[in-house]
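Asker: Sharing a structure here in structure tokens format.
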There are 2 protein chains.
Amino acid sequence: MATRSKVTIADVAQAAGVSTATAGRVLGSYGYAAKSTRDQVTAVARKLGYRPNGLARSLITGETRTIGVVAGDIRTQFYASILRGISDVADEHGFGLLITNSDERLDHEMRALDLLMEKQVDGLIVSPCDTRKARHLHRISETQLPIVLIDRAVEGLAVDQVTALNAEGAEAAVGELIRAGHTRIGVVAELLEPEPGGIERFIEDAHAGLVRTAKSMYPSWQRLLGYINAHRAAGLAIDSSLIRPAGSYSSEAAHREARDLLSHAERPSALFTTDGTMSEGVMRAIAEAGLVIPRDVSLVGFDDLDWMAFTPPGISAISQPRYAMGAAAARMLLDRVAGSTAPTSGLTMTPEFIKRGSIARR
Amino acid sequence: MATRSKVTIADVAQAAGVSTATAGRVLGSYGYAAKSTRDQVTAVARKLGYRPNGLARSLITGETRTIGVVAGDIRTQFYASILRGISDVADEHGFGLLITNSDERLDHEMRALDLLMEKQVDGLIVSPCDTRKARHLHRISETQLPIVLIDRAVEGLAVDQVTALNAEGAEAAVGELIRAGHTRIGVVAELLEPEPGGIERFIEDAHAGLVRTAKSMYPSWQRLLGYINAHRAAGLAIDSSLIRPAGSYSSEAAHREARDLLSHAERPSALFTTDGTMSEGVMRAIAEAGLVIPRDVSLVGFDDLDWMAFTPPGISAISQPRYAMGAAAARMLLDRVAGSTAPTSGLTMTPEFIKRGSIARR
DNA sequence: CTGAAAGCGCTTACAG
DNA sequence: CTGAAAGCGCTTACAG
């Protein structure tokens with residue numbers, strides 16, 4: 001460790017000929033101080049290059065003015081936008097942001113949370129990677145530390161949350177494809193947390209209208225439900241060979257599934273992707289297969305990424321307000337940090353269909 | 001503030017019937033403790049739900065195991081990848097990450113730095129928004145707090161830095177266009193920190209071979225220099241009406257300049273962009289003008305973004321190793337934090353040309 | 001309006 | 001191997 005010359009309040013106090021209590025009052029701007037002492041202390045502090053030590057203050061006040069975030073992967077546009085929304089709100093309120101990645105792995109999430117707790121964050125915003133196994137979140141929540149969940153909720157965990165209207169958005173998107181005359185529509189979806197009973201059972205039940213969206217259902221499952229609902233509403237059967245679980249948040253897995261889907265004799269005339277990562281993998285498969293959108297295959301993606309606007313012919317998408325979701329989560333969290341005891345609430349944001357040139361009529 | 005039940009070392013010590021010193025030694029795993037006491041204290045700690053308070057520890061040890069980052073805008077792929085590289089290395093070493101955005105504004109950068117200093121970070125990674133006005137960075141550096149600069153260096157500030165070989169990369173990219181037969185190549189570049197003498201003067205001097213790359217030259221200026229050098233090497237004149245300063249890190253500004261460039265009677269046959277944000281604005285202008293790449297216009301961008309691989313016909317790019325740059329910066333910083341007094345070093349990463357379908361022969 | 005004293009939750013010498 | 005004491009840099013009552 002380099003020897004950093006720390007100027008403390010005591011140093012300033014001594015140089016200014018006042019007590020540390022007084023120096024503290026003016027430097028921390030709490031309590032009274034005569035204008036003349038204030039000027040004197042301020043001048044000395046500036047001359048000595050005094051910088052407050054937030055650690056000491058936080059140890060006493062019990063607040064760090066820092067919030068902790070557990071994202072899946074900050075490299076994705078999804079999390080990057082959310083993070084910027086959180087960051088701007090935190091900034092406005094003078095809060096710092098401690099950011100971690102879980103890569104959707106429970107052990108990473110727990111490690112990240114431990115780190116954030118140890119650093120005494122005033123609150124947490126987390127995108128939980130398991131919507132069922134979350135004893136660690138329950139435990140944290142029991143200590144009264146404010147938590148806001150984003151993108152996904154956790155079964156039985158009564159904390160504030162911000163999510164998107166996933167099933168409805170997906171249904172609208174797939175509905176557009178169906179209205180354009182498509183009947184064989186492929187889906188590439190993560191579907192990593194298996195629903196009880198398995199995917200075949202889920203499809204069957206959903207198509208029979210027996211599945212209700214639960215907030216704690218994983219987003220990709222909700223979006224698959226929307227896909228099925230759109231078929232049901234149109235009186236269309238489901239061909240389960242068109243439903244492709246990538247099994248992970250990876251564009252490589254999506255690429256693999258899409259390539260397979262597109263190489264079949266009776267390939268689907270349209271594709272639906274359940275999020276940005278899937279969209280990128282699917283786009284790569286389409287490009288590599290030499291297919292042209294929308295002539296050879298139509299496409300709609302969940303989540304509107306930057307490139308969808310300018311990639312010919314323009315990719316239609318369901319846009320979820322990522323930045324606003326992050327900002328809202330931060331506001332909800334800061335309300336709690338400020339002491340709000342309002343009942344737990346869930347904010348559901350409505351995604352919007354953005355029509356571009358990627359859907360052909362059939 | 002909610003009343004969070006804090007279990008302290010003193011509580012554990014009392015319940016375990018040992019002194020706080022002993023409890024501290026086992027819980028903090030420093031110093032000796034008999035196996036039996038260790039087990040006893042650990043058991044009690046777990047039963048009481050003890051969680052260490054990093055604030056108190058940091059106040060004593062003088063290290064927070066936290067590093068602070070000032071990025072331009074974490075939403076961009078450029079910063080998002082860098083951040084992930086930093087994050088992974090920080091993680092490996094058990095460090096947390098406090099992340100801020102400057103939006104390339106000096107006042108924001110200074111505010112961010114104040115916040116990070118107050119939180120007593122062990123070191124800083126910053127992408128400085130002004131390579132000349134940086135008294136605040138000098139001042140911080142004088143306190144011996146380790147700083148690593150990323151993407152841009154600061155004149156006269158002797159700290160470690162990680163940058164890309166900008167002029168050379170740009171020269172290679174533009175060279176590809178020239179070799180393909182292009183002679184009228186438009187550039188859209190930020191160029192926000194004016195070089196002394198103005199842009200006309202810079203172009204003239206550069207074309208005469210009088211400008212040397214300086215590390216503290218703003219990246220977009222270095223890339224413009226590469227553009228000019230490529231022309232000079234090929235014996236081509238420069239038409240300064242083809243050089244378009246966006247004046248800010250905004251795809252809107254890039255869009256405006258590109259639209260203007262493309263609407264002229266004698267429009268350029270190829271375009272070069274100096275970074276990802278410019279590339280997105282230019283892509284939008286090309287799409288809106290109904291032009292087809294590479295039939296109507298060829299394109300090469302500095303920085304290889306995800307979509308360039310799958311957007312037909314594939315956009316050729318100069319790829320800079322963003323993730324590796326971030327990881328390297330973090331490693332350099334952690335070496336300093338660990339006490340390294342090695343001479344200040346600058347790591348220059350070599351970008352790589354990725355050939356795709358966006359360059360037509362003329 | 002100002003100061004002396006205590007204390008936040010730990011770690012660090014120093015005895016024993 | 002363990003404990004009593006001091007102290008990190010602040011803020012918080014409490015006197016005066």
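Residue numbering restarts at 1 in every chain; chains get A, B, ... in the order shown in the structure tokens, and ligands count up from 1 in that same order.
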Write out as number ranges by chain the residues lying within 9 Å of Asp88 (chain A), counting only C-alpha atoms (C1' of nucleotides) and excluding same-chain residues fewer than 4 positions away.
Answerer: A: 83-84, 92-93, 327, 330; B: 101
Asker: I want to know what sits within 9 Å of region 5-13 of chain C, based on only C-alpha atoms (C1' of nucleotides), with residues of the same chain fewer than 5 positions away left out; could you give that as a ChimeraX atom specification?
Answerer: /A:56-62 /B:8-10,21,24-25,52-61 /D:6-8,11-12
Asker: Name all residues at most 7 Å from Ala167 (chain B) (count only C-alpha atoms (C1' of nucleotides); drop same-chain ones fewer than 2 positions away) and give them as a list in words.
Answerer: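 My list of contacting residues is Leu165, Gly169, Ala170, Glu171, Gln222, Arg223, Leu225 and Gly226 of chain B.
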Asker: Okay, now the selection with all heavy atoms, as a PDB file, in the first residue's frame?
Answerer:
ATOM      1  N   LEU B 165      -4.171   0.967 -30.800  1.00  0.00           N
ATOM      2  CA  LEU B 165      -3.336   1.563 -31.840  1.00  0.00           C
ATOM      3  C   LEU B 165      -4.280   2.195 -32.862  1.00  0.00           C
ATOM      4  O   LEU B 165      -4.564   1.613 -33.907  1.00  0.00           O
ATOM      5  CB  LEU B 165      -2.486   0.445 -32.466  1.00  0.00           C
ATOM      6  CG  LEU B 165      -1.042   0.749 -32.851  1.00  0.00           C
ATOM      7  CD1 LEU B 165      -0.322   1.511 -31.739  1.00  0.00           C
ATOM      8  CD2 LEU B 165      -0.299  -0.545 -33.143  1.00  0.00           C
ATOM      9  N   GLY B 169      -4.704   1.389 -36.916  1.00  0.00           N
ATOM     10  CA  GLY B 169      -5.920   0.640 -37.226  1.00  0.00           C
ATOM     11  C   GLY B 169      -6.735   1.354 -38.298  1.00  0.00           C
ATOM     12  O   GLY B 169      -7.195   0.745 -39.262  1.00  0.00           O
ATOM     13  N   ALA B 170      -6.902   2.659 -38.103  1.00  0.00           N
ATOM     14  CA  ALA B 170      -7.686   3.436 -39.062  1.00  0.00           C
ATOM     15  C   ALA B 170      -7.011   3.434 -40.431  1.00  0.00           C
ATOM     16  O   ALA B 170      -7.672   3.316 -41.466  1.00  0.00           O
ATOM     17  CB  ALA B 170      -7.852   4.864 -38.558  1.00  0.00           C
ATOM     18  N   GLU B 171      -5.714   3.551 -40.421  1.00  0.00           N
ATOM     19  CA  GLU B 171      -4.994   3.561 -41.697  1.00  0.00           C
ATOM     20  C   GLU B 171      -5.198   2.240 -42.439  1.00  0.00           C
ATOM     21  O   GLU B 171      -5.419   2.215 -43.660  1.00  0.00           O
ATOM     22  CB  GLU B 171      -3.490   3.815 -41.466  1.00  0.00           C
ATOM     23  CG  GLU B 171      -2.713   3.889 -42.767  1.00  0.00           C
ATOM     24  CD  GLU B 171      -1.271   4.362 -42.591  1.00  0.00           C
ATOM     25  OE1 GLU B 171      -0.916   4.832 -41.478  1.00  0.00           O
ATOM     26  OE2 GLU B 171      -0.519   4.282 -43.574  1.00  0.00           O
ATOM     27  N   GLN B 222      -6.903  10.659 -33.697  1.00  0.00           N
ATOM     28  CA  GLN B 222      -5.901   9.693 -34.127  1.00  0.00           C
ATOM     29  C   GLN B 222      -6.412   8.880 -35.306  1.00  0.00           C
ATOM     30  O   GLN B 222      -5.676   8.568 -36.243  1.00  0.00           O
ATOM     31  CB  GLN B 222      -5.565   8.727 -32.986  1.00  0.00           C
ATOM     32  CG  GLN B 222      -4.861   9.378 -31.818  1.00  0.00           C
ATOM     33  CD  GLN B 222      -4.442   8.347 -30.777  1.00  0.00           C
ATOM     34  OE1 GLN B 222      -4.316   7.173 -31.089  1.00  0.00           O
ATOM     35  NE2 GLN B 222      -4.217   8.784 -29.554  1.00  0.00           N
ATOM     36  N   ARG B 223      -7.688   8.560 -35.270  1.00  0.00           N
ATOM     37  CA  ARG B 223      -8.256   7.743 -36.345  1.00  0.00           C
ATOM     38  C   ARG B 223      -8.390   8.563 -37.618  1.00  0.00           C
ATOM     39  O   ARG B 223      -8.205   8.053 -38.723  1.00  0.00           O
ATOM     40  CB  ARG B 223      -9.586   7.137 -35.885  1.00  0.00           C
ATOM     41  CG  ARG B 223      -9.346   6.129 -34.753  1.00  0.00           C
ATOM     42  CD  ARG B 223     -10.594   5.665 -34.037  1.00  0.00           C
ATOM     43  NE  ARG B 223     -10.213   4.990 -32.796  1.00  0.00           N
ATOM     44  CZ  ARG B 223     -11.075   4.623 -31.842  1.00  0.00           C
ATOM     45  NH1 ARG B 223     -12.364   4.859 -31.982  1.00  0.00           N
ATOM     46  NH2 ARG B 223     -10.633   4.042 -30.748  1.00  0.00           N
ATOM     47  N   LEU B 225      -6.322  10.867 -38.322  1.00  0.00           N
ATOM     48  CA  LEU B 225      -4.923  10.890 -38.793  1.00  0.00           C
ATOM     49  C   LEU B 225      -4.628   9.635 -39.614  1.00  0.00           C
ATOM     50  O   LEU B 225      -3.982   9.705 -40.673  1.00  0.00           O
ATOM     51  CB  LEU B 225      -3.982  10.970 -37.586  1.00  0.00           C
ATOM     52  CG  LEU B 225      -2.486  11.019 -37.891  1.00  0.00           C
ATOM     53  CD1 LEU B 225      -2.156  12.232 -38.767  1.00  0.00           C
ATOM     54  CD2 LEU B 225      -1.665  11.065 -36.598  1.00  0.00           C
ATOM     55  N   GLY B 226      -5.120   8.500 -39.159  1.00  0.00           N
ATOM     56  CA  GLY B 226      -4.936   7.254 -39.906  1.00  0.00           C
ATOM     57  C   GLY B 226      -5.576   7.345 -41.287  1.00  0.00           C
ATOM     58  O   GLY B 226      -5.001   6.892 -42.288  1.00  0.00           O
TER      59      GLY B 226
END
Asker: Can you list every residue in region 250-286 of chain B that DSSP puts in strand (DSSP E or B), as a list of chain:residue names?
Answerer: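 Filtering region 250-286 of chain B to strand (DSSP E or B) leaves B:Ala270, B:Leu271, B:Phe272, B:Thr273.
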Asker: Residues of the last selection are to be written out with C-alpha atoms, as an mmCIF file, in the first residue's frame.
Answerer:
data_model
loop_
_atom_site.group_PDB
_atom_site.id
_atom_site.type_symbol
_atom_site.label_atom_id
_atom_site.label_comp_id
_atom_site.auth_asym_id
_atom_site.auth_seq_id
_atom_site.Cartn_x
_atom_site.Cartn_y
_atom_site.Cartn_z
ATOM 1 C CA ALA B 270 -17.318 4.730 -49.315
ATOM 2 C CA LEU B 271 -17.626 5.748 -45.679
ATOM 3 C CA PHE B 272 -15.351 5.299 -42.701
ATOM 4 C CA THR B 273 -16.600 5.744 -39.130
#
Asker: Please report as a VMD selection string which residues of chain D come no farther than 7 Å from chain B, using only C-alpha atoms (C1' of nucleotides).
Answerer: chain D and resid 1 to 3 8
Asker: Since we have the selection now, will you write its residues out, keeping N, CA and C atoms (P, O5', C5', C4', C3', O3' and C1' of nucleotides), as an mmCIF file, in the first residue's frame?
Answerer:
data_model
loop_
_atom_site.group_PDB
_atom_site.id
_atom_site.type_symbol
_atom_site.label_atom_id
_atom_site.label_comp_id
_atom_site.auth_asym_id
_atom_site.auth_seq_id
_atom_site.Cartn_x
_atom_site.Cartn_y
_atom_site.Cartn_z
ATOM 1 P P DC D 1 -2.010 -22.768 18.433
ATOM 2 O "O5'" DC D 1 -2.748 -21.974 19.580
ATOM 3 C "C5'" DC D 1 -3.921 -22.468 20.216
ATOM 4 C "C4'" DC D 1 -4.216 -21.531 21.341
ATOM 5 C "C3'" DC D 1 -5.328 -20.513 21.064
ATOM 6 O "O3'" DC D 1 -6.367 -20.732 21.998
ATOM 7 C "C1'" DC D 1 -3.424 -19.456 22.050
ATOM 8 P P DT D 2 -7.749 -19.967 21.853
ATOM 9 O "O5'" DT D 2 -7.527 -18.698 22.771
ATOM 10 C "C5'" DT D 2 -7.471 -18.884 24.176
ATOM 11 C "C4'" DT D 2 -7.330 -17.527 24.832
ATOM 12 C "C3'" DT D 2 -8.426 -16.519 24.459
ATOM 13 O "O3'" DT D 2 -9.091 -16.140 25.645
ATOM 14 C "C1'" DT D 2 -6.259 -15.531 24.304
ATOM 15 P P DG D 3 -10.387 -15.210 25.588
ATOM 16 O "O5'" DG D 3 -9.807 -13.852 26.179
ATOM 17 C "C5'" DG D 3 -9.120 -13.897 27.422
ATOM 18 C "C4'" DG D 3 -8.582 -12.523 27.738
ATOM 19 C "C3'" DG D 3 -9.589 -11.397 27.533
ATOM 20 O "O3'" DG D 3 -9.441 -10.475 28.616
ATOM 21 C "C1'" DG D 3 -7.663 -10.986 26.223
ATOM 22 P P DC D 8 -6.066 6.592 15.220
ATOM 23 O "O5'" DC D 8 -6.561 6.245 13.752
ATOM 24 C "C5'" DC D 8 -6.144 5.082 13.065
ATOM 25 C "C4'" DC D 8 -7.226 4.660 12.103
ATOM 26 C "C3'" DC D 8 -8.113 5.835 11.670
ATOM 27 O "O3'" DC D 8 -7.671 6.274 10.397
ATOM 28 C "C1'" DC D 8 -9.435 3.917 12.359
#
Asker: Might you pull out every residue within 12 Å of Val7 (chain A), with only C-alpha atoms (C1' of nucleotides) counted and same-chain residues fewer than 2 positions away left off, and present them as a PDB file with C-alpha atoms (C1' of nucleotides), in the first residue's frame?
Answerer:
ATOM      1  CA  ARG A   4      -1.547   8.071   1.144  1.00  0.00           C
ATOM      2  CA  SER A   5      -1.358  11.260   3.141  1.00  0.00           C
ATOM      3  CA  ILE A   9     -11.041  16.223  10.429  1.00  0.00           C
ATOM      4  CA  ALA A  10      -8.750  16.243  13.431  1.00  0.00           C
ATOM      5  CA  ASP A  11      -5.966  17.731  11.305  1.00  0.00           C
ATOM      6  CA  VAL A  12      -8.248  20.428  10.000  1.00  0.00           C
ATOM      7  CA  ALA A  13      -9.591  21.110  13.471  1.00  0.00           C
ATOM      8  CA  GLN A  14      -6.159  21.509  14.930  1.00  0.00           C
ATOM      9  CA  ALA A  15      -4.930  23.762  12.125  1.00  0.00           C
ATOM     10  CA  VAL A  44      -8.150  25.447   6.222  1.00  0.00           C
ATOM     11  CA  ALA A  45      -9.776  22.293   4.895  1.00  0.00           C
ATOM     12  CA  ARG A  46      -9.307  23.422   1.335  1.00  0.00           C
ATOM     13  CA  LYS A  47      -5.740  24.456   1.995  1.00  0.00           C
ATOM     14  CA  LEU A  48      -4.891  21.066   3.471  1.00  0.00           C
ATOM     15  CA  GLY A  49      -6.767  19.246   0.735  1.00  0.00           C
ATOM     16  CA  TYR A  50      -9.196  17.642   3.136  1.00  0.00           C
ATOM     17  CA  ARG A  51     -11.450  14.940   1.655  1.00  0.00           C
ATOM     18  CA  PRO A  52     -14.166  13.368   3.783  1.00  0.00           C
ATOM     19  CA  ASN A  53     -13.909   9.664   4.527  1.00  0.00           C
TER      20      ASN A  53
ATOM     21  CA  THR B 143      -2.318  11.509  -3.358  1.00  0.00           C
TER      22      THR B 143
ATOM     23  C1'  DG D   9     -12.237   8.930  11.107  1.00  0.00           C
TER      24       DG D   9
END
Asker: Which is closer to chain A than all the others in B:Val41, B:Ala173, B:Ala230, B:Leu291, using only C-alpha atoms?
Answerer: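 Under the stated criterion, the closest residue is B:Leu291.
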Asker: For the atom pair CA of Ile318 (chain A) and CA of Val162 (chain A), what is the interatomic distance in Å to one decimal place?
Answerer: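 Computed distance, CA of Ile318 (chain A) to CA of Val162 (chain A), equals 17.3 Å.
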